[in-house]
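Source file: protein_12.csv. Holds: CSV, C-alpha atoms.
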chain,number,residue,atom,x,y,z
Y,1,MET,CA,-6.3,11.8,-8.1
Y,2,ILE,CA,-4.6,8.4,-8.2
Y,3,SER,CA,-4.1,7.0,-11.7
Y,4,PHE,CA,-3.8,3.3,-12.0
Y,5,ASN,CA,-1.0,2.3,-14.4
Y,6,LYS,CA,-0.8,-1.3,-15.3
Y,7,ASN,CA,3.1,-1.3,-15.1
Y,8,VAL,CA,3.0,0.3,-11.6
Y,9,ILE,CA,0.5,-2.3,-10.4
Y,10,LEU,CA,2.6,-5.2,-11.7
Y,11,LYS,CA,5.9,-3.9,-10.5
Y,12,LYS,CA,4.9,-2.5,-7.1
Y,13,TRP,CA,1.6,-3.8,-5.8
Y,14,ILE,CA,1.8,-7.5,-6.8
Y,15,PRO,CA,5.1,-8.1,-5.0
Y,16,ILE,CA,3.9,-6.3,-1.9
Y,17,ILE,CA,0.7,-8.3,-1.8
Y,18,ALA,CA,2.6,-11.5,-2.3
Y,19,ILE,CA,5.0,-10.7,0.6
Y,20,ILE,CA,2.1,-9.8,2.9
Y,21,PHE,CA,0.3,-13.1,2.0
Y,22,ALA,CA,3.5,-15.1,2.5
Y,23,VAL,CA,4.4,-13.5,5.9
Y,24,SER,CA,0.9,-13.8,7.2
Y,25,SER,CA,0.5,-17.4,6.1
Y,26,VAL,CA,3.8,-18.5,7.6
Y,27,LEU,CA,3.2,-16.8,10.9
Y,28,GLY,CA,-0.3,-18.3,11.0
Y,29,LEU,CA,1.0,-21.8,10.3
Y,30,LEU,CA,3.8,-21.4,12.9
Y,31,PHE,CA,1.3,-20.5,15.6
Y,32,GLY,CA,-1.1,-23.2,14.5
Y,33,ILE,CA,-4.0,-21.0,13.6
Y,34,SER,CA,-7.0,-22.7,11.9
Y,35,GLY,CA,-7.7,-22.3,8.2
Y,36,SER,CA,-10.6,-19.8,8.5
Y,37,GLN,CA,-8.8,-17.7,11.0
Y,38,LEU,CA,-5.7,-17.7,8.9
Y,39,LEU,CA,-7.6,-16.7,5.8
Y,40,SER,CA,-9.3,-13.8,7.7
Y,41,ALA,CA,-6.0,-12.7,9.1
Y,42,VAL,CA,-4.4,-12.6,5.6
Y,43,ILE,CA,-7.4,-10.6,4.3
Y,44,VAL,CA,-7.2,-8.1,7.2
Y,45,SER,CA,-3.5,-7.7,6.8
Y,46,LEU,CA,-3.8,-7.1,3.1
Y,47,ILE,CA,-6.5,-4.5,3.6
Y,48,LEU,CA,-4.6,-2.6,6.4
Y,49,ILE,CA,-1.2,-2.6,4.7
Y,50,THR,CA,-2.5,-1.7,1.2
Y,51,SER,CA,-4.6,1.1,2.7
Y,52,ALA,CA,-1.6,2.5,4.5
Y,53,PHE,CA,0.4,2.6,1.2
Y,54,LEU,CA,-2.6,4.3,-0.5
Y,55,PHE,CA,-3.0,6.9,2.2
Y,56,GLN,CA,0.7,7.6,2.0
Y,57,MET,CA,0.5,8.1,-1.7
Y,58,VAL,CA,-2.5,10.4,-1.4
Y,59,GLY,CA,-0.8,12.4,1.3
Y,60,ARG,CA,2.4,12.8,-0.7
Y,61,ASN,CA,0.5,13.9,-3.8
Y,62,ARG,CA,-1.6,16.4,-1.8
Y,63,PHE,CA,1.6,17.8,-0.1
Y,64,ASP,CA,3.3,18.2,-3.5
Y,65,ASN,CA,0.3,19.9,-5.0
Y,66,GLN,CA,0.0,22.4,-2.1
Y,67,ASN,CA,3.7,23.3,-2.5
Y,68,ASP,CA,3.3,23.9,-6.2
Y,69,GLN,CA,0.3,26.2,-5.6
Y,70,MET,CA,2.3,28.2,-3.0
Y,71,GLY,CA,5.5,28.2,-5.1
Y,72,LEU,CA,7.4,26.3,-2.4
Y,73,SER,CA,8.4,23.4,-4.7
Y,74,LYS,CA,11.3,25.6,-6.0
Y,75,CYS,CA,12.5,26.2,-2.5
Y,76,LEU,CA,12.4,22.6,-1.4
Show me this structure written as structure tokens.
Amino acid sequence: MISFNKNVILKKWIPIIAIIFAVSSVLGLLFGISGSQLLSAVIVSLILITSAFLFQMVGRNRFDNQNDQMGLSKCL
């Protein structure tokens, strides 16, 4: 289970979200995308990238737990 720690959110997720927002906005402005399309592109980018990070965290935690159950964590 993923636990939400306030320090982790502030140190890890806020900068990632800010970078995604900035890059999507700059690219949208460079290509001359309208405001509503730019906003929807930023939202879709935020959803896709944050879900990728969350799936990676869940997969990593699941792999670690399986290794601990089988006693493989000492071998790795």
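At a cut-off of 12 Å from (1.2, -2.1, -0.5), the residue set is Val8, Ile9, Leu10, Lys11, Lys12, Trp13, Ile14, Pro15, Ile16, Ile17, Ala18, Ile19, Ile20, Phe21, Ser45, Leu46, Ile47, Leu48, Ile49, Thr50, Ser51, Ala52, Phe53, Leu54, Phe55, Gln56 and Met57 of chain Y (counting all atoms listed in the file).
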Record the distance separating CA of Val23 in chain Y and CA of Leu39 in chain Y, expressed in Å with one decimal. 12.4 Å
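Atom to atom, CA of Leu29 in chain Y and CA of Ile43 in chain Y stand 15.2 Å apart.
Put simply, CA of Ala22 in chain Y is 13.9 Å away from CA of Ser40 in chain Y.
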